[in-house]
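Here is the structure we will look at, set down as structure tokens.
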Protein chains: 2
Amino acid sequence: MDLADLRAAFAGRLLADTDAMAPHLTDWRRKWTGRAIAVAQPDTAAGVAAVVRWCKAQGVAVVPQGGNTGLSGGATPAADGRSLVLSTARLQRIRALDPIGQTITAEAGVTLQQLQDTAREAGRLFPLSLAAQGTCTIGGNLATNAGGVQVLRYGNARDLCLGLEVVTAEGELWDGLRPLRKDNTGYALRDLFIGSEGTLGVVTAAVLKLFPLPAAQVAAFVAVPSPAAALALLAGAQARLASELSAFEMLSETCLQLVLQHVDAARRPLAWPSPWYVLLEVSSAQGEQAATEAIEAVLEAALEAGHASDAALSASLAQFRSLWALREDISEAQGAAGPTIKHDIALPIGRIPEFIERTDAALAQHHPALRLVVFGHLGDGNLHYNLSPPAAGMAREAFTALEAPVNRLVHDMVHALGGSISAEHGLGVLRRDESARYKPAVELRLMQAVKQALDPLNLMNPGKLLGTPIPPNNAPET
Amino acid sequence: MDLADLRAAFAGRLLADTDAMAPHLTDWRRKWTGRAIAVAQPDTAAGVAAVVRWCKAQGVAVVPQGGNTGLSGGATPAADGRSLVLSTARLQRIRALDPIGQTITAEAGVTLQQLQDTAREAGRLFPLSLAAQGTCTIGGNLATNAGGVQVLRYGNARDLCLGLEVVTAEGELWDGLRPLRKDNTGYALRDLFIGSEGTLGVVTAAVLKLFPLPAAQVAAFVAVPSPAAALALLAGAQARLASELSAFEMLSETCLQLVLQHVDAARRPLAWPSPWYVLLEVSSAQGEQAATEAIEAVLEAALEAGHASDAALSASLAQFRSLWALREDISEAQGAAGPTIKHDIALPIGRIPEFIERTDAALAQHHPALRLVVFGHLGDGNLHYNLSPPAAGMAREAFTALEAPVNRLVHDMVHALGGSISAEHGLGVLRRDESARYKPAVELRLMQAVKQALDPLNLMNPGKLLGTPIPPNNAPET
């Protein structure tokens, strides 16, 4: 295969030597490593289209990659070395910012942090917020429909996107960059590309929603006796605060202990331990005092009803940040404590207490040594129901061998309670086959039909999100 | 064709005589009338599937119909009489209401009003709200991605839907009724069916989002000197009220005059006429006083800056309703004043003043007799830029002859300013070909590919939304 033709086809960088390619061939958590013909980094959307056209002509698979921070292996090439990594990292222009229409138009390679900062400089909020924001790109956020800590109030990446520019599997550039709040002129192609993990096309730019910057934000760290009490607190907060409630996170005492143990700056925020905690945040257009009064009213009612036993409110930006750090540092603290088994699940919100109770019990029965590290975005019904080895330690191989049976146990319970086994991380290769296990056959066939229609040669990130085609319903049973 | 087989295939009603079918063969505005083999009204989703399977076996086209209140002819059968109208009106069960997860699961034939009422009885808000709500059904609302007056705060029908149950073109039932706030396990089939106007499948049920009932709602009717001033008021209101701003409508003095003239109960709400008015609504979780104070702060700043010249606030539910009636009765009043030419357009919000100025000028030049009746959801960038004959009257034929050239003029301007020619009414047959005129060829090909993949026999509402297939890009130019 002549890479000179490819090199001549677009402006940007083409990496073909092993050292230069290496960071693009392994994922963030170093769970998957692949090989590639080359890594192309075009400077423009037209360059992305040229690369895809070259790949199509050569029959080479395209693996789109943004900041390469995904957790499901969706941006890592296969081991066969026959695909090309197409990095959008050099598409870095902010094309427009409209403070009146409250939109920003950014290219795929702009990092989430850059987007937030650009919006803030214009007096606006871009609310998508997650741990990898310094490195992840908006193209990747859209390809995986990223979630994070502000979904409760502002929605996920899909909800924040008004328009897209996409290079199709044909290597054509679709300009769907419409900055409109309403547009009913055909199929929701935008929503189809969002969350498709690069299997239908490559996002090169997007029009995103901005919001007014809140006048004040106040956080409260609340001790609650149980997940059911946390749900009651959530209901009270929603009734009193409506959309001023901008985050509602839950974590267990085990999570807090891990953070206190592994993060130097962390301090216990309340005098006494509690089995569970809620971190809630209010974003008010009306200033600090109004926010504090509103949150105090919610907490007083919860204390009186027995849904909370103690609470600390942030009275300064430093306190606000240190309360949030207790939540945000859980993943890092869990990693410092040894290997991990992670789940990214969603449930009907009201069934979360039942899920925790039943799954905890099943794990205690079948895998009593494991330590539960449960936290998540309770307001969205999204739990990171994670596990660690016991505090006394465990052979790494023994722990690793538990991953598959524990996944099965947890995901079977999720399915039984009407949930999803991938709330915000996507399927990639990590959850592709497990997801197919739980999906209705009709849904898998519809997805395969869409894939076949938009990528008939199966060159766009093959093997990610979707596995082997399901036979059509009129095929003979085998 | 043997209708006895069809009649035996499902539980429900099958109308085949002319009188019984008649209401289903003509649209709400009586612009289109078609013919049909029969009108099937199954009682269950399984019955809908059975009807679609019968149609597929017979090669009969299916025209899904909800409350038959659409404005674009999307639910009227063609004149050839070879299709079957599939009414979902008898799918009327509320299957579930979850006050904790804040969701309601309703069948397609439940009217929007019934949904709102059921939610309110449970102390929750279902915010979708539009003129036809007593008759339109949630199935139709989803098929057309309906908008209305609360989109600014709560989003359109797509934004309010978490899960769908759909009968596919194969006659299979897809159970995608997941009541989850986050679910990244594959392509956004839900969003693809929403807004597809029955051309990909038939919605039989949906899981919809509910919200806390606001503690108080206050409306203000505000005189503004110009659309640009209205935009400045919008910016101020968004900064101060954030998501408590639940509606932001604009109307011209001509609109108000039509309402005063044709609606008995209507009274001028302000002492002096103004060229334009804004009706804004605040929904507060914190009660009447907080809402009134917030709205007063916004209005004081606007009066001081010259963005508003006068304002009336509602101080009772009766006043709230009478202010809203001035906005809601415009369509009826315009209809009472004679024939109408209507547009349902969306623009980047900041370009609305320019659009109005340039389009008004072009119409004044080419069609000086016409009366402009301009109003709409300014907060969403959605205008109903309508026209009426002059107050002195005009021959109906002469007026009707103007529809096509006026549409062209208005829509060309919308396109030049980056807007959409169908903001919330959908394409149906009314805007199908005009929309294709403005869409990028790549987008039309993607839409055709999706249609071909999910409805290969072209039996689902053929001829609606999409016209004749576009040749693939590698076909020879003709």
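Chain lettering (A, B, ...) mirrors the order of the structure tokens, residue numbering begins at 1 for each chain separately, and ligand numbering begins at 1 in order of display.
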Query raised in the report: Any idea what's packed within 8 Å of segment 318-331 of chain B, counting only C-alpha atoms, ignoring anything in its chain fewer than 4 positions away? Could you give it as a count of residues only?
Result: 17
Requested in this report: Would you mind listing what lies within 12 Å of Asp17 of chain B as number ranges by chain, with only C-alpha atoms counted and same-chain residues fewer than 3 positions away left out?
Outcome: B: 14, 20-25, 35-40
Report task. Counting only C-alpha atoms, figure out which residue out of B:Leu446, B:Ile341, B:Ala346, B:Ala336 gets nearest to Ile421 of chain B. Result -> B:Ala346
Query - At most 6 Å to chain A: residues in chain B, only C-alpha atoms, as a ChimeraX atom specification - result: /B:100-101,174,179-185,187-188,192,196,212,239-240,285,348-350,380,420,422-424,426-427,442,449,453
Requested in this report: Using only C-alpha atoms, determine which residues lie at most 12 Å from segment 355-365 of chain A, disregarding the query and same-chain residues fewer than 5 positions distant; provide the list as number ranges by chain.
Outcome: A: 226-228, 252, 345-350, 370-375, 381-387, 402, 405-419
Determine, counting only C-alpha atoms, which protein, DNA and RNA residues have an atom within 7 Å of an atom of segment 86-88 of chain A; residues of the same chain fewer than 5 positions away are not included. Present the result as an mmCIF file with C-alpha atoms, in the first residue's frame.
data_model
loop_
_atom_site.group_PDB
_atom_site.id
_atom_site.type_symbol
_atom_site.label_atom_id
_atom_site.label_comp_id
_atom_site.auth_asym_id
_atom_site.auth_seq_id
_atom_site.Cartn_x
_atom_site.Cartn_y
_atom_site.Cartn_z
ATOM 1 C CA VAL A 39 -2.063 7.472 12.015
ATOM 2 C CA ALA A 40 -3.467 10.331 9.941
ATOM 3 C CA GLN A 41 -3.969 13.741 11.580
ATOM 4 C CA PRO A 42 -5.609 16.044 9.035
ATOM 5 C CA VAL A 62 -10.928 3.728 9.549
ATOM 6 C CA VAL A 63 -10.604 4.018 13.338
ATOM 7 C CA PRO A 64 -11.590 7.568 14.351
ATOM 8 C CA GLN A 65 -9.832 8.850 17.455
ATOM 9 C CA GLY A 66 -10.263 12.040 19.485
ATOM 10 C CA ALA A 108 -13.875 17.988 16.645
ATOM 11 C CA GLY A 109 -10.366 18.276 18.096
#
**Report entry** DSSP-assigned strand (DSSP E or B) among segment 65-264 of chain A, expressed as JSON, numbers by chain
**Finding:** {"A": [65, 83, 84, 85, 86, 87, 94, 95, 96, 97, 98, 103, 104, 105, 106, 107, 111, 124, 125, 129, 137, 148, 161, 162, 163, 164, 165, 166, 167, 168, 173, 174, 175, 176, 201, 202, 203, 204, 205, 206, 207, 208, 209, 211, 212, 216, 217, 218, 219, 220, 221, 222, 223, 224, 245, 246, 247, 248, 249, 250, 251, 252]}
Query raised in the report: What separation in Å, quoted to one decimal, exists between atom CA of Phe10 of chain A and atom CA of Gly59 of chain A?
Result: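 Distance between the two atoms: 18.2 Å.
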Report task. Tell me, in Å to one decimal, how far atom CA of Asp264 of chain A is from atom CA of Cys136 of chain A. Result ->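 These atoms are spaced 26.0 Å apart.
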Query raised in the report: Which of these residues is nearest to Ala337 of chain B, using only C-alpha atoms: B:His307, B:His262, B:Arg90, B:Lys31?
Result: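 Looking at the shortest contact to Ala337 of chain B, the residue is B:His262.
Shortest separation to Glu300 of chain A among A:Val222, A:Glu165, A:Ala106, A:Leu71 occurs at residue A:Val222, atoms counted being only C-alpha atoms.
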Query raised in the report: DSSP says alpha helix (DSSP H) for which residues of segment 234-322 of chain B? Put them as a PyMOL selection string?
Result: chain B and resi 234-241+253-262+288-305+317-322
Report summary line: note - atom CA of Ala301 of chain A and atom CA of Leu378 of chain A are separated by 19.5 Å
Requested in this report: Tell me, as a list in words, which residues lie within 10 Å of Val110 of chain A, counting only C-alpha atoms; anything in the same chain fewer than 3 positions away does not count.
Outcome: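 Contacts, in chain order: Gly66, Gly67, Thr88, Ala89, Arg90, Leu91, Gln92, Arg93, Ile94, Ala106, Glu107, Gln113, Gln114, Leu115, Thr135, Cys136, Thr137, Ile138, Gly139, Gly140 and Ala205 of chain A.
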Let's have the selection written as an mmCIF file, in the first residue's frame, with N, CA, C and O atoms.
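Saved the output as selection_10.cif:
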data_model
loop_
_atom_site.group_PDB
_atom_site.id
_atom_site.type_symbol
_atom_site.label_atom_id
_atom_site.label_comp_id
_atom_site.auth_asym_id
_atom_site.auth_seq_id
_atom_site.Cartn_x
_atom_site.Cartn_y
_atom_site.Cartn_z
ATOM 1 N N GLY A 66 -10.323 10.655 19.005
ATOM 2 C CA GLY A 66 -10.263 12.040 19.485
ATOM 3 C C GLY A 66 -9.122 12.164 20.482
ATOM 4 O O GLY A 66 -7.955 11.997 20.139
ATOM 5 N N GLY A 67 -9.458 12.411 21.760
ATOM 6 C CA GLY A 67 -8.422 12.533 22.785
ATOM 7 C C GLY A 67 -7.934 11.187 23.297
ATOM 8 O O GLY A 67 -7.048 11.122 24.139
ATOM 9 N N THR A 88 -8.687 13.180 14.941
ATOM 10 C CA THR A 88 -9.251 14.512 14.672
ATOM 11 C C THR A 88 -8.624 15.562 15.594
ATOM 12 O O THR A 88 -9.118 16.686 15.682
ATOM 13 N N ALA A 89 -7.520 15.211 16.237
ATOM 14 C CA ALA A 89 -6.956 16.088 17.271
ATOM 15 C C ALA A 89 -6.474 17.438 16.735
ATOM 16 O O ALA A 89 -6.381 18.410 17.495
ATOM 17 N N ARG A 90 -6.148 17.508 15.435
ATOM 18 C CA ARG A 90 -5.648 18.770 14.905
ATOM 19 C C ARG A 90 -6.759 19.659 14.345
ATOM 20 O O ARG A 90 -6.484 20.771 13.872
ATOM 21 N N LEU A 91 -7.995 19.208 14.404
ATOM 22 C CA LEU A 91 -9.127 20.073 14.010
ATOM 23 C C LEU A 91 -9.471 20.923 15.223
ATOM 24 O O LEU A 91 -10.329 20.561 16.022
ATOM 25 N N GLN A 92 -8.811 22.059 15.361
ATOM 26 C CA GLN A 92 -8.854 22.753 16.646
ATOM 27 C C GLN A 92 -9.462 24.135 16.614
ATOM 28 O O GLN A 92 -9.335 24.893 17.574
ATOM 29 N N ARG A 93 -10.125 24.479 15.539
ATOM 30 C CA ARG A 93 -10.659 25.837 15.477
ATOM 31 C C ARG A 93 -12.008 25.964 16.182
ATOM 32 O O ARG A 93 -12.864 25.087 16.099
ATOM 33 N N ILE A 94 -12.178 27.073 16.876
ATOM 34 C CA ILE A 94 -13.522 27.508 17.274
ATOM 35 C C ILE A 94 -14.018 28.331 16.094
ATOM 36 O O ILE A 94 -13.476 29.392 15.782
ATOM 37 N N ALA A 106 -17.578 24.468 17.108
ATOM 38 C CA ALA A 106 -16.201 24.049 17.371
ATOM 39 C C ALA A 106 -15.856 22.827 16.540
ATOM 40 O O ALA A 106 -16.707 21.981 16.272
ATOM 41 N N GLU A 107 -14.588 22.744 16.161
ATOM 42 C CA GLU A 107 -14.136 21.565 15.434
ATOM 43 C C GLU A 107 -13.896 20.410 16.396
ATOM 44 O O GLU A 107 -13.715 20.596 17.608
ATOM 45 N N GLN A 113 -12.157 20.989 27.874
ATOM 46 C CA GLN A 113 -11.708 22.098 28.725
ATOM 47 C C GLN A 113 -11.604 23.407 27.932
ATOM 48 O O GLN A 113 -12.040 24.462 28.391
ATOM 49 N N GLN A 114 -11.041 23.330 26.707
ATOM 50 C CA GLN A 114 -10.946 24.532 25.870
ATOM 51 C C GLN A 114 -12.323 25.095 25.554
ATOM 52 O O GLN A 114 -12.537 26.309 25.554
ATOM 53 N N LEU A 115 -13.258 24.197 25.295
ATOM 54 C CA LEU A 115 -14.628 24.636 25.008
ATOM 55 C C LEU A 115 -15.234 25.354 26.209
ATOM 56 O O LEU A 115 -15.825 26.434 26.081
ATOM 57 N N THR A 135 -8.234 16.477 28.303
ATOM 58 C CA THR A 135 -7.665 15.722 27.185
ATOM 59 C C THR A 135 -8.712 15.299 26.164
ATOM 60 O O THR A 135 -8.461 15.288 24.966
ATOM 61 N N CYS A 136 -9.900 14.930 26.641
ATOM 62 C CA CYS A 136 -10.910 14.443 25.702
ATOM 63 C C CYS A 136 -11.344 15.574 24.784
ATOM 64 O O CYS A 136 -11.253 16.745 25.132
ATOM 65 N N THR A 137 -11.810 15.208 23.585
ATOM 66 C CA THR A 137 -12.217 16.214 22.606
ATOM 67 C C THR A 137 -13.727 16.169 22.406
ATOM 68 O O THR A 137 -14.373 15.148 22.650
ATOM 69 N N ILE A 138 -14.248 17.276 21.903
ATOM 70 C CA ILE A 138 -15.697 17.339 21.716
ATOM 71 C C ILE A 138 -16.146 16.343 20.649
ATOM 72 O O ILE A 138 -17.257 15.796 20.731
ATOM 73 N N GLY A 139 -15.275 16.066 19.682
ATOM 74 C CA GLY A 139 -15.622 15.044 18.686
ATOM 75 C C GLY A 139 -15.839 13.687 19.336
ATOM 76 O O GLY A 139 -16.821 12.995 19.056
ATOM 77 N N GLY A 140 -14.940 13.330 20.232
ATOM 78 C CA GLY A 140 -15.088 12.067 20.953
ATOM 79 C C GLY A 140 -16.272 12.088 21.903
ATOM 80 O O GLY A 140 -17.002 11.107 22.024
ATOM 81 N N ALA A 205 -17.057 18.645 13.180
ATOM 82 C CA ALA A 205 -17.390 19.895 13.881
ATOM 83 C C ALA A 205 -18.810 19.805 14.398
ATOM 84 O O ALA A 205 -19.586 18.949 13.965
#
